[in-house]
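Novice: Dropping in my_file.txt, which is compact mmCIF, N, CA and C atoms:
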```
# COMPACT_ATOMS: atom_id res chain seq x y z
N MET A 24 155.80 -229.47 104.72
CA MET A 24 155.69 -230.04 103.41
C MET A 24 156.74 -231.14 103.28
N ASN A 25 156.29 -232.38 103.06
CA ASN A 25 157.21 -233.50 102.90
C ASN A 25 157.91 -233.44 101.55
N ILE A 26 159.19 -233.73 101.56
CA ILE A 26 159.99 -233.76 100.34
C ILE A 26 160.09 -235.21 99.88
N PRO A 27 159.67 -235.53 98.65
CA PRO A 27 159.77 -236.92 98.18
C PRO A 27 161.22 -237.32 97.95
N LEU A 28 161.56 -238.54 98.38
CA LEU A 28 162.91 -239.06 98.22
C LEU A 28 163.13 -239.59 96.82
N ASN A 29 164.35 -239.46 96.34
CA ASN A 29 164.79 -240.07 95.08
C ASN A 29 165.65 -241.27 95.46
N THR A 30 165.23 -242.45 95.06
CA THR A 30 165.97 -243.66 95.37
C THR A 30 166.61 -244.19 94.10
N PRO A 31 167.94 -244.20 94.03
CA PRO A 31 168.62 -244.66 92.82
C PRO A 31 168.35 -246.14 92.54
N THR A 32 168.38 -246.48 91.27
CA THR A 32 168.31 -247.87 90.84
C THR A 32 169.43 -248.11 89.83
N ARG A 33 169.72 -249.34 89.55
CA ARG A 33 170.78 -249.64 88.58
C ARG A 33 170.41 -249.23 87.17
N SER A 34 169.12 -249.16 86.89
CA SER A 34 168.69 -248.72 85.55
C SER A 34 168.50 -247.21 85.48
N GLY A 35 168.69 -246.53 86.60
CA GLY A 35 168.57 -245.07 86.63
C GLY A 35 167.19 -244.62 87.06
N VAL A 36 167.13 -243.43 87.57
CA VAL A 36 165.86 -242.85 88.00
C VAL A 36 165.89 -241.35 87.69
N ALA A 37 164.77 -240.85 87.19
CA ALA A 37 164.66 -239.42 86.95
C ALA A 37 164.52 -238.72 88.30
N LEU A 38 165.30 -237.67 88.52
CA LEU A 38 165.27 -236.97 89.80
C LEU A 38 164.05 -236.08 89.92
N THR A 39 163.43 -236.11 91.09
CA THR A 39 162.32 -235.22 91.42
C THR A 39 162.86 -234.12 92.31
N THR A 40 162.69 -232.89 91.87
CA THR A 40 163.17 -231.73 92.62
C THR A 40 161.97 -230.98 93.19
N THR A 41 162.09 -230.56 94.43
CA THR A 41 161.03 -229.80 95.10
C THR A 41 161.42 -228.34 95.14
N PRO A 42 160.55 -227.45 94.61
CA PRO A 42 160.86 -226.03 94.72
C PRO A 42 160.77 -225.57 96.18
N GLY A 43 161.62 -224.65 96.53
CA GLY A 43 161.61 -224.13 97.89
C GLY A 43 160.33 -223.37 98.19
N ASN A 44 159.94 -223.42 99.45
CA ASN A 44 158.78 -222.70 99.92
C ASN A 44 159.21 -222.00 101.21
N ALA A 45 159.37 -220.70 101.14
CA ALA A 45 159.89 -219.95 102.29
C ALA A 45 158.88 -219.81 103.42
N THR A 46 157.64 -220.18 103.18
CA THR A 46 156.59 -220.04 104.20
C THR A 46 156.44 -221.31 105.04
N ASP A 47 156.44 -222.45 104.39
CA ASP A 47 156.24 -223.73 105.08
C ASP A 47 157.57 -224.44 105.28
N ASN A 48 157.71 -225.09 106.42
CA ASN A 48 158.91 -225.90 106.65
C ASN A 48 158.87 -227.11 105.73
N HIS A 49 160.01 -227.47 105.21
CA HIS A 49 160.13 -228.72 104.46
C HIS A 49 160.52 -229.80 105.46
N VAL A 50 159.99 -231.01 105.26
CA VAL A 50 160.31 -232.13 106.14
C VAL A 50 160.88 -233.25 105.29
N LEU A 51 162.03 -233.75 105.70
CA LEU A 51 162.70 -234.85 105.02
C LEU A 51 162.68 -236.06 105.94
N VAL A 52 162.15 -237.18 105.45
CA VAL A 52 162.22 -238.42 106.22
C VAL A 52 163.69 -238.82 106.23
N ASN A 53 164.26 -238.85 107.41
CA ASN A 53 165.71 -239.02 107.56
C ASN A 53 166.02 -240.35 108.23
N ASP A 54 166.73 -241.21 107.51
CA ASP A 54 167.18 -242.47 108.08
C ASP A 54 168.70 -242.50 108.25
N GLY A 55 169.34 -241.33 108.05
CA GLY A 55 170.78 -241.23 108.18
C GLY A 55 171.51 -241.63 106.91
N ARG A 56 170.77 -241.99 105.86
CA ARG A 56 171.39 -242.42 104.60
C ARG A 56 170.85 -241.60 103.42
N THR A 57 170.55 -240.35 103.67
CA THR A 57 170.04 -239.49 102.62
C THR A 57 170.91 -238.25 102.51
N VAL A 58 171.20 -237.86 101.27
CA VAL A 58 171.90 -236.61 101.01
C VAL A 58 170.93 -235.67 100.32
N LEU A 59 171.22 -234.39 100.39
CA LEU A 59 170.31 -233.39 99.86
C LEU A 59 171.06 -232.46 98.92
N LEU A 60 170.67 -232.46 97.65
CA LEU A 60 171.23 -231.57 96.66
C LEU A 60 170.37 -230.31 96.66
N ILE A 61 170.99 -229.18 96.96
CA ILE A 61 170.26 -227.91 97.00
C ILE A 61 170.88 -226.98 95.97
N LYS A 62 170.03 -226.34 95.19
CA LYS A 62 170.50 -225.43 94.15
C LYS A 62 169.83 -224.07 94.32
N ASN A 63 170.63 -223.02 94.18
CA ASN A 63 170.11 -221.66 94.13
C ASN A 63 169.91 -221.35 92.64
N THR A 64 168.66 -221.37 92.20
CA THR A 64 168.36 -221.16 90.78
C THR A 64 168.35 -219.69 90.40
N GLY A 65 168.51 -218.81 91.37
CA GLY A 65 168.52 -217.38 91.10
C GLY A 65 169.79 -216.95 90.39
N SER A 66 169.76 -215.71 89.88
CA SER A 66 170.91 -215.23 89.11
C SER A 66 171.63 -214.04 89.76
N THR A 67 171.15 -213.59 90.93
CA THR A 67 171.78 -212.39 91.49
C THR A 67 172.11 -212.45 92.97
N VAL A 68 171.36 -213.18 93.78
CA VAL A 68 171.47 -213.06 95.23
C VAL A 68 171.78 -214.41 95.88
N ALA A 69 172.64 -214.42 96.89
CA ALA A 69 172.89 -215.63 97.69
C ALA A 69 171.64 -215.92 98.53
N ARG A 70 171.36 -217.19 98.75
CA ARG A 70 170.20 -217.61 99.54
C ARG A 70 170.64 -218.54 100.66
N ILE A 71 169.87 -218.55 101.75
CA ILE A 71 170.21 -219.31 102.96
C ILE A 71 169.28 -220.50 103.11
N VAL A 72 169.85 -221.64 103.50
CA VAL A 72 169.08 -222.82 103.88
C VAL A 72 169.42 -223.13 105.34
N THR A 73 168.42 -223.57 106.11
CA THR A 73 168.60 -223.86 107.52
C THR A 73 168.20 -225.31 107.80
N PHE A 74 169.12 -226.03 108.43
CA PHE A 74 168.87 -227.42 108.83
C PHE A 74 168.63 -227.41 110.34
N LYS A 75 167.40 -227.71 110.75
CA LYS A 75 167.09 -227.69 112.18
C LYS A 75 167.60 -228.95 112.85
N ILE A 76 168.21 -228.78 114.01
CA ILE A 76 168.77 -229.90 114.77
C ILE A 76 167.81 -230.22 115.91
N SER A 77 167.39 -231.49 115.97
CA SER A 77 166.39 -231.87 116.97
C SER A 77 167.02 -232.24 118.31
N LYS A 78 168.31 -232.53 118.32
CA LYS A 78 168.99 -232.96 119.53
C LYS A 78 169.08 -231.82 120.53
N LYS A 79 168.98 -232.18 121.80
CA LYS A 79 169.17 -231.20 122.87
C LYS A 79 170.38 -231.60 123.69
N VAL A 80 171.08 -230.62 124.23
CA VAL A 80 172.22 -230.86 125.10
C VAL A 80 171.89 -230.25 126.46
N ASP A 81 171.91 -231.07 127.49
CA ASP A 81 171.51 -230.63 128.83
C ASP A 81 170.14 -229.96 128.82
N GLY A 82 169.23 -230.49 128.02
CA GLY A 82 167.88 -229.96 127.95
C GLY A 82 167.74 -228.68 127.13
N GLN A 83 168.83 -228.22 126.56
CA GLN A 83 168.82 -226.97 125.79
C GLN A 83 168.84 -227.28 124.29
N ALA A 84 168.05 -226.51 123.54
CA ALA A 84 168.03 -226.67 122.10
C ALA A 84 169.38 -226.28 121.51
N VAL A 85 169.78 -226.99 120.47
CA VAL A 85 171.03 -226.70 119.77
C VAL A 85 170.71 -225.78 118.60
N GLU A 86 171.56 -224.80 118.37
CA GLU A 86 171.33 -223.84 117.29
C GLU A 86 171.33 -224.55 115.94
N ALA A 87 170.40 -224.16 115.09
CA ALA A 87 170.28 -224.74 113.75
C ALA A 87 171.53 -224.45 112.93
N ARG A 88 171.79 -225.34 111.97
CA ARG A 88 172.93 -225.17 111.06
C ARG A 88 172.45 -224.49 109.80
N THR A 89 173.17 -223.48 109.35
CA THR A 89 172.78 -222.77 108.13
C THR A 89 173.89 -222.86 107.09
N ALA A 90 173.48 -222.69 105.84
CA ALA A 90 174.44 -222.65 104.74
C ALA A 90 173.95 -221.63 103.73
N SER A 91 174.89 -220.98 103.07
CA SER A 91 174.56 -219.98 102.05
C SER A 91 175.00 -220.51 100.69
N LEU A 92 174.14 -220.31 99.69
CA LEU A 92 174.47 -220.68 98.32
C LEU A 92 174.40 -219.43 97.47
N VAL A 93 175.51 -219.12 96.81
CA VAL A 93 175.52 -217.95 95.93
C VAL A 93 174.65 -218.24 94.71
N ALA A 94 174.30 -217.21 93.97
CA ALA A 94 173.45 -217.35 92.78
C ALA A 94 174.02 -218.39 91.83
N GLY A 95 173.17 -219.33 91.41
CA GLY A 95 173.56 -220.36 90.46
C GLY A 95 174.30 -221.54 91.06
N GLU A 96 174.63 -221.50 92.34
CA GLU A 96 175.42 -222.55 92.97
C GLU A 96 174.53 -223.71 93.41
N GLN A 97 175.11 -224.91 93.35
CA GLN A 97 174.45 -226.06 93.96
C GLN A 97 175.44 -226.80 94.84
N LYS A 98 174.93 -227.32 95.97
CA LYS A 98 175.78 -228.02 96.93
C LYS A 98 175.07 -229.30 97.36
N LEU A 99 175.87 -230.30 97.71
CA LEU A 99 175.36 -231.56 98.20
C LEU A 99 175.63 -231.62 99.70
N PHE A 100 174.59 -231.84 100.50
CA PHE A 100 174.69 -231.88 101.96
C PHE A 100 174.32 -233.27 102.47
N GLY A 101 174.92 -233.67 103.58
CA GLY A 101 174.54 -234.90 104.24
C GLY A 101 175.64 -235.95 104.14
N PRO A 102 175.36 -237.15 104.57
CA PRO A 102 174.12 -237.56 105.22
C PRO A 102 173.97 -236.93 106.60
N PHE A 103 172.77 -237.02 107.14
CA PHE A 103 172.42 -236.37 108.39
C PHE A 103 172.14 -237.42 109.47
N SER A 104 172.82 -237.33 110.59
CA SER A 104 172.65 -238.27 111.69
C SER A 104 171.22 -238.18 112.24
N VAL A 105 170.59 -239.33 112.40
CA VAL A 105 169.25 -239.37 112.98
C VAL A 105 169.29 -238.88 114.42
N ASP A 106 170.36 -239.19 115.15
CA ASP A 106 170.49 -238.76 116.55
C ASP A 106 170.49 -237.24 116.67
N GLU A 107 171.07 -236.56 115.69
CA GLU A 107 171.17 -235.10 115.77
C GLU A 107 170.03 -234.38 115.07
N TYR A 108 169.64 -234.88 113.89
CA TYR A 108 168.64 -234.17 113.09
C TYR A 108 167.24 -234.78 113.19
N GLY A 109 167.12 -235.96 113.76
CA GLY A 109 165.83 -236.61 113.94
C GLY A 109 165.40 -237.40 112.72
N GLY A 110 164.36 -238.20 112.89
CA GLY A 110 163.82 -239.01 111.80
C GLY A 110 162.95 -238.21 110.85
N ARG A 111 162.49 -237.06 111.31
CA ARG A 111 161.74 -236.11 110.48
C ARG A 111 162.48 -234.79 110.54
N MET A 112 163.44 -234.64 109.67
CA MET A 112 164.31 -233.47 109.68
C MET A 112 163.63 -232.27 109.05
N GLU A 113 163.66 -231.15 109.75
CA GLU A 113 163.06 -229.92 109.22
C GLU A 113 164.11 -229.07 108.53
N ILE A 114 163.73 -228.56 107.36
CA ILE A 114 164.62 -227.72 106.55
C ILE A 114 163.86 -226.47 106.17
N ASP A 115 164.45 -225.32 106.42
CA ASP A 115 163.84 -224.05 106.02
C ASP A 115 164.67 -223.44 104.90
N VAL A 116 164.01 -222.88 103.92
CA VAL A 116 164.71 -222.15 102.86
C VAL A 116 164.28 -220.70 102.92
N ALA A 117 165.19 -219.81 102.56
CA ALA A 117 164.92 -218.38 102.65
C ALA A 117 164.17 -217.85 101.44
N HIS A 118 164.09 -218.66 100.36
CA HIS A 118 163.48 -218.14 99.14
C HIS A 118 163.11 -219.31 98.22
N ALA A 119 162.12 -219.09 97.37
CA ALA A 119 161.67 -220.11 96.41
C ALA A 119 162.72 -220.42 95.35
N GLU A 120 163.77 -219.59 95.24
CA GLU A 120 164.83 -219.88 94.28
C GLU A 120 165.69 -221.08 94.67
N LEU A 121 165.56 -221.55 95.91
CA LEU A 121 166.28 -222.75 96.33
C LEU A 121 165.44 -223.97 96.00
N THR A 122 166.06 -224.95 95.33
CA THR A 122 165.37 -226.21 95.05
C THR A 122 166.03 -227.33 95.84
N LEU A 123 165.23 -228.33 96.21
CA LEU A 123 165.68 -229.42 97.07
C LEU A 123 165.51 -230.75 96.33
N THR A 124 166.59 -231.53 96.29
CA THR A 124 166.55 -232.86 95.66
C THR A 124 167.19 -233.85 96.60
N PRO A 125 166.38 -234.58 97.43
CA PRO A 125 166.95 -235.57 98.32
C PRO A 125 167.23 -236.88 97.59
N ILE A 126 168.38 -237.48 97.90
CA ILE A 126 168.80 -238.72 97.26
C ILE A 126 169.15 -239.73 98.36
N LYS A 127 168.45 -240.84 98.34
CA LYS A 127 168.69 -241.90 99.33
C LYS A 127 169.89 -242.72 98.88
N LEU A 128 170.83 -242.92 99.78
CA LEU A 128 172.03 -243.72 99.47
C LEU A 128 171.77 -245.19 99.66
```
Give the structure from the file, written as structure tokens.

Specialist:
Amino acid sequence: MNIPLNTPTRSGVALTTTPGNATDNHVLVNDGRTVLLIKNTGSTVARIVTFKISKKVDGQAVEARTASLVAGEQKLFGPFSVDEYGGRMEIDVAHAELTLTPIKL
């Protein structure tokens, strides 16, 4: 599932947030100049987000990077190197309570 980018303008732009989908991978078009605001909208449980790394070292896959957000927390991640995360970066969320808001710098 592609995540639509939010591109700031001088007059402002309303942010588009994508609800998490724990079944389908989210895909972010990554040019190395995008940050991702992730919020755990839940009220009781920490949730995990996984950033898949496309780079290989000596032909071996590199372990994905994960982050945990406690209930009600939001964090800003990125930017993400195209060399490491690829031009089509895959993001997995553990629960629909996580929302994704990509912002192009």

Novice: Can you list every residue in stretch 76-106 of chain A that DSSP puts in strand (DSSP E), as a ChimeraX atom specification?

Specialist: /A:79-80,83-84,88-92,97-100

Novice: Which is closest to A:Asn48 among A:Asn25, A:Ser77, A:Ser34, A:Ser66, if we use only N, CA and C atoms?

Specialist: A:Asn25

Novice: What does the distance between atom CA of A:Leu38 and atom N of A:Asp115 come to in Å, to one decimal place?

Specialist: 20.3 Å

Novice: What is the distance, in Å and to one decimal place, between atom N of A:Gly35 and atom CA of A:Leu59?

Specialist: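 About the pair atom N of A:Gly35 and atom CA of A:Leu59: they are 18.7 Å apart.
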
Novice: So, with only C-alpha atoms as the atoms that count, which of A:Ala37, A:Val80, A:Val116, A:Ile61 lies closest to A:Glu96?

Specialist: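 Ranked by minimum distance to A:Glu96, first place goes to A:Ile61.
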
Novice: Assign secondary structure with DSSP using the backbone only, and return the residues of chain A in helix (DSSP H, G or I) as an NGL selection string.

Specialist: :A and (105-108)

Novice: What is the atom C of A:Leu60-atom C of A:Val85 distance in Å, reported with one decimal?

Specialist: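 Between these atoms lies a distance of 22.4 Å.
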
Novice: Have a look at A:Ile114, A:Ile71, A:Ala119, A:Val36 and name the one nearest to A:Leu51; count only N, CA and C atoms.

Specialist: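 Closest to A:Leu51 of all the choices is A:Ile114.
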
Novice: Using only C-alpha atoms, which of A:Asn44, A:Thr89, A:Arg56, A:Gly101 sits nearest A:Thr30?

Specialist: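 Ranked by minimum distance to A:Thr30, first place goes to A:Arg56.
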
Novice: Looking at A:Asn53, A:Asn63, A:Ser91, A:Thr124, which one is nearest to A:Ser104, with distances taken over all atoms listed in the file?

Specialist: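 Among the listed residues, the smallest separation from A:Ser104 belongs to A:Asn53.
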
Novice: Nearest residue to A:Asp54 out of A:Ala69, A:Ala117, A:Met112, A:Thr122, using all atoms listed in the file?

Specialist: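 Going through A:Ala69, A:Ala117, A:Met112, A:Thr122 one by one, the smallest distance to A:Asp54 is for A:Met112.
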
Novice: For A:Gly65, find every residue with an atom within 6 Å (counting all atoms listed in the file), except residues of its own chain fewer than 6 positions away, and show them as a PyMOL selection string.

Specialist: chain A and resi 94-95+120

Novice: Limit the output to N, CA and C atoms and give stretch 89-108 of chain A as an mmCIF file, in the first residue's frame.

Specialist:
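The result, stored in decode.cif:
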```cif
data_model
loop_
_atom_site.group_PDB
_atom_site.id
_atom_site.type_symbol
_atom_site.label_atom_id
_atom_site.label_comp_id
_atom_site.auth_asym_id
_atom_site.auth_seq_id
_atom_site.Cartn_x
_atom_site.Cartn_y
_atom_site.Cartn_z
ATOM 1 N N THR A 89 13.667 -1.573 13.950
ATOM 2 C CA THR A 89 12.352 -1.458 14.575
ATOM 3 C C THR A 89 12.354 -0.337 15.606
ATOM 4 N N ALA A 90 11.157 0.170 15.874
ATOM 5 C CA ALA A 90 10.986 1.184 16.910
ATOM 6 C C ALA A 90 9.664 0.922 17.606
ATOM 7 N N SER A 91 9.625 1.238 18.883
ATOM 8 C CA SER A 91 8.412 1.061 19.677
ATOM 9 C C SER A 91 7.875 2.433 20.078
ATOM 10 N N LEU A 92 6.558 2.586 19.982
ATOM 11 C CA LEU A 92 5.902 3.811 20.412
ATOM 12 C C LEU A 92 4.900 3.455 21.494
ATOM 13 N N VAL A 93 5.058 4.072 22.656
ATOM 14 C CA VAL A 93 4.117 3.816 23.738
ATOM 15 C C VAL A 93 2.771 4.446 23.389
ATOM 16 N N ALA A 94 1.730 4.058 24.098
ATOM 17 C CA ALA A 94 0.378 4.566 23.838
ATOM 18 C C ALA A 94 0.366 6.087 23.841
ATOM 19 N N GLY A 95 -0.218 6.678 22.793
ATOM 20 C CA GLY A 95 -0.348 8.122 22.684
ATOM 21 C C GLY A 95 0.894 8.843 22.180
ATOM 22 N N GLU A 96 1.998 8.144 21.999
ATOM 23 C CA GLU A 96 3.256 8.775 21.600
ATOM 24 C C GLU A 96 3.316 8.967 20.091
ATOM 25 N N GLN A 97 3.990 10.046 19.683
ATOM 26 C CA GLN A 97 4.317 10.214 18.277
ATOM 27 C C GLN A 97 5.789 10.549 18.145
ATOM 28 N N LYS A 98 6.411 10.011 17.077
ATOM 29 C CA LYS A 98 7.840 10.223 16.842
ATOM 30 C C LYS A 98 8.041 10.571 15.374
ATOM 31 N N LEU A 99 9.088 11.343 15.121
ATOM 32 C CA LEU A 99 9.468 11.715 13.770
ATOM 33 C C LEU A 99 10.714 10.930 13.399
ATOM 34 N N PHE A 100 10.669 10.194 12.291
ATOM 35 C CA PHE A 100 11.779 9.353 11.838
ATOM 36 C C PHE A 100 12.293 9.852 10.492
ATOM 37 N N GLY A 101 13.588 9.663 10.248
ATOM 38 C CA GLY A 101 14.156 9.967 8.951
ATOM 39 C C GLY A 101 15.094 11.156 9.013
ATOM 40 N N PRO A 102 15.552 11.610 7.877
ATOM 41 C CA PRO A 102 15.325 11.026 6.560
ATOM 42 C C PRO A 102 16.034 9.682 6.418
ATOM 43 N N PHE A 103 15.668 8.954 5.378
ATOM 44 C CA PHE A 103 16.142 7.595 5.160
ATOM 45 C C PHE A 103 17.023 7.549 3.911
ATOM 46 N N SER A 104 18.227 7.051 4.042
ATOM 47 C CA SER A 104 19.160 6.955 2.922
ATOM 48 C C SER A 104 18.605 6.007 1.848
ATOM 49 N N VAL A 105 18.636 6.461 0.612
ATOM 50 C CA VAL A 105 18.188 5.618 -0.498
ATOM 51 C C VAL A 105 19.097 4.406 -0.636
ATOM 52 N N ASP A 106 20.395 4.578 -0.380
ATOM 53 C CA ASP A 106 21.347 3.463 -0.475
ATOM 54 C C ASP A 106 21.005 2.344 0.502
ATOM 55 N N GLU A 107 20.494 2.697 1.672
ATOM 56 C CA GLU A 107 20.206 1.686 2.685
ATOM 57 C C GLU A 107 18.765 1.197 2.647
ATOM 58 N N TYR A 108 17.818 2.112 2.453
ATOM 59 C CA TYR A 108 16.402 1.746 2.535
ATOM 60 C C TYR A 108 15.737 1.575 1.169
#
```
